[in-house]
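Engineer: Let me begin by handing over the structure; questions about it come next.
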Amino acid sequence: MNRMEFWTPDMISFMKDATQKTAYFSVLANKVKLLCPEAKTVLDAGCGTGSLTLELSKLFECAIGADLSSSAIESLREETIKKNIKNIRAVNCDLLKDGVEKITGGLKPEVMVFSLFGSVSQAFEISGRLGCPKIVIVKRAYKTHRFSLTGVPIEYDSSFREELNSLTENYTEEEFEVEFGQPFRSIEDAVRFFEIYSRDKDRSVITMENVEKLLERTEEKEFPFYLRKTRKCLLFSAETGGRR
């Protein structure tokens with residue numbers, strides 16, 4: 001199981017905190033809008049807690065956030081109620097298996113965003129099944145795990161570009177990098193974060209002393225510690241034809 005197919009309360013809390021401090025999701029949302037300025041409805045595939053969905057809702061008439069995790073979708077729904085956002089459809093579903101009506105609720109997405117979610121072929125299959133004419137795919141452009149203490153390499157499958165070329169010749173490509181770190185309320189919270197996200201095989205390296213060395217001290221009362229990181233990504237956009 002993908003670790004992000006489920007979201008624990010700690011994971012949701014950390015993501016909400018990070019969302020307060022990063023421009024990543026607003027930057028990505030604006031890039032999506034620039035690629036399809038006439039589109040009115042967008043679907044955020046594998047949206048998690050909906051950080052990107054919330055930003056997309058500011059630029060599109062309707063934003064659909066779809067994810068397999070019920071806890072993540074519930075978090076998004078709570079946020080829409082809290083902020084009185086009326087143009088988001090938050091749906092708990094399996095994009096690979098569920099029917100069109102369950103996913104879209106009768107809405108027709110004009111663009112789908114697959115941000116670090118699924119394979120290229122899955123993006124084309126899902127968008128085709130939903131009759132969506134355009135997709136935006138975001139892939140990692142880094143090869144070391146961002147939240148490990150010992151420089152753990154991540155599985156980086158560059159074959160996604162070959163897969164894309166086999167499906168279409170008509171696509172655009174862009175690389176971008178945005179600050180995307182993690183604020184903390186305490187050193188203990190930071191240690192907990194690394195306990196959750198680190199892929200260090202030797203778990204004994206996750207100590208308060210080692211974690212504190214990585215943090216910046218801030219002057220903020222709520223978040224006195226910050227783990228500075230950037231996220232570098234590749235963004236692809238392609239026409240799918242929108243055939244069901």
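Just remember, in the structure tokens the first chain shown is A, the second B, etc., residues are 1-based per chain, and ligands are 1-based in the order shown.
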As a count of residues only, please: the residues near Leu34 of chain A (cut-off 12 Å, only C-alpha atoms, same-chain neighbours under 4 positions excluded).

Structural biologist: 12

Engineer: Pull the alpha helix (DSSP H) assignments for segment 119-181 of chain A out of DSSP run on the backbone, and list those residues as a count of residues only.

Structural biologist: 19

Engineer: Looking at A:Ile103, A:Leu214, A:Ala63, A:Ala72, which one is nearest to Lys229 of chain A, with distances taken over only C-alpha atoms?

Structural biologist: A:Leu214

Engineer: Could you give me, as a count of residues only, each residue of segment 35-212 of chain A that DSSP assigns to strand (DSSP E or B) when run on this structure's backbone?

Structural biologist: 42

Engineer: In Å to one decimal, how far is atom CA of Val120 of chain A from atom CA of Asn165 of chain A?

Structural biologist: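 Going from atom CA of Asn165 of chain A over to atom CA of Val120 of chain A, I get 10.0 Å.
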
Engineer: When you draw a straight line from atom CA of Phe6 of chain A to atom CA of Arg161 of chain A, how long is it in Å?

Structural biologist: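 Interatomic distance, atom CA of Phe6 of chain A to atom CA of Arg161 of chain A: 28.0 Å.
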
Engineer: Report, in Å to a single decimal, how far apart atom CA of Arg89 of chain A and atom CA of Cys62 of chain A are.

Structural biologist: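 These two atoms are separated by 7.7 Å.
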
Engineer: Report as a Markdown table: every residue of segment 81-147 of chain A with an atom at most 12 Å from segment 195-204 of chain A, its closest pair of atoms, and their distance in Å to one decimal, counting only C-alpha atoms, with rows sorted by chain and ascending residue number.

Structural biologist:
```
| residue | atom | partner | partner_atom | distance |
| --- | --- | --- | --- | --- |
| A:Thr144 | CA | A:Arg199 | CA | 10.4 |
| A:His145 | CA | A:Arg199 | CA | 7.5 |
| A:Arg146 | CA | A:Ser198 | CA | 8.4 |
| A:Phe147 | CA | A:Ser198 | CA | 5.3 |
```

Engineer: Excluding Lys16 of chain A and any residue of its chain fewer than 5 positions from it, enumerate the residues within 9 Å of it, using only C-alpha atoms, and give them as number ranges by chain.

Structural biologist: A: 11, 49, 51

Engineer: Between A:Glu61, A:Glu216, A:Glu55, A:Glu173, which is the closest to Thr80 of chain A once you count only C-alpha atoms?

Structural biologist: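 Among A:Glu61, A:Glu216, A:Glu55, A:Glu173, it is A:Glu55 that comes nearest to Thr80 of chain A.
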
Engineer: Quick one: residues within 10 Å of Phe124 of chain A, only C-alpha atoms, excluding same-chain residues fewer than 6 positions away - as a PyMOL selection string?

Structural biologist: chain A and resi 112+130+132-135+164+167-168+238-242

Engineer: Counting only C-alpha atoms, figure out which residue out of A:Leu149, A:Ser119, A:Arg129, A:Arg185 gets nearest to Glu101 of chain A.

Structural biologist: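 The answer is A:Arg129, which sits nearest to Glu101 of chain A.
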
Engineer: Give the answer as one residue: which of A:Lys21, A:Gly50, A:Leu68, A:Tyr142 has the shortest atom-to-atom distance to Asp98 of chain A, using only C-alpha atoms?

Structural biologist: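 Among the listed residues, the smallest separation from Asp98 of chain A belongs to A:Leu68.
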
Engineer: Write out as number ranges by chain the residues lying within 12 Å of Ile12 of chain A, counting only C-alpha atoms and excluding same-chain residues fewer than 3 positions away.

Structural biologist: A: 4, 6-9, 15-19, 48-51, 69-76, 79, 193, 196

Engineer: Taking 5 positions as the minimum chain separation for residues in the same chain, which residues sit within 10 Å of Glu188 of chain A when counting only C-alpha atoms? Answer as number ranges by chain.

Structural biologist: A: 193, 207-208, 211-212

Engineer: Restricting it to N, CA, C and O atoms, dump the selection as a compact mmCIF listing (two decimals), in the first residue's frame.

Structural biologist:
```txt
# COMPACT_ATOMS: atom_id res chain seq x y z
N PHE A 193 7.66 13.91 13.40
CA PHE A 193 7.56 14.04 11.95
C PHE A 193 8.55 13.09 11.26
O PHE A 193 8.18 12.37 10.33
N THR A 207 17.04 11.03 16.49
CA THR A 207 17.14 11.50 17.87
C THR A 207 16.84 12.99 17.90
O THR A 207 16.92 13.69 16.88
N MET A 208 16.52 13.49 19.08
CA MET A 208 16.23 14.90 19.23
C MET A 208 17.44 15.74 18.82
O MET A 208 17.30 16.78 18.17
N VAL A 211 17.85 15.67 14.91
CA VAL A 211 16.79 16.41 14.26
C VAL A 211 16.96 17.91 14.47
O VAL A 211 16.82 18.71 13.54
N GLU A 212 17.31 18.31 15.68
CA GLU A 212 17.44 19.73 15.98
C GLU A 212 18.51 20.39 15.12
O GLU A 212 18.41 21.57 14.76
```
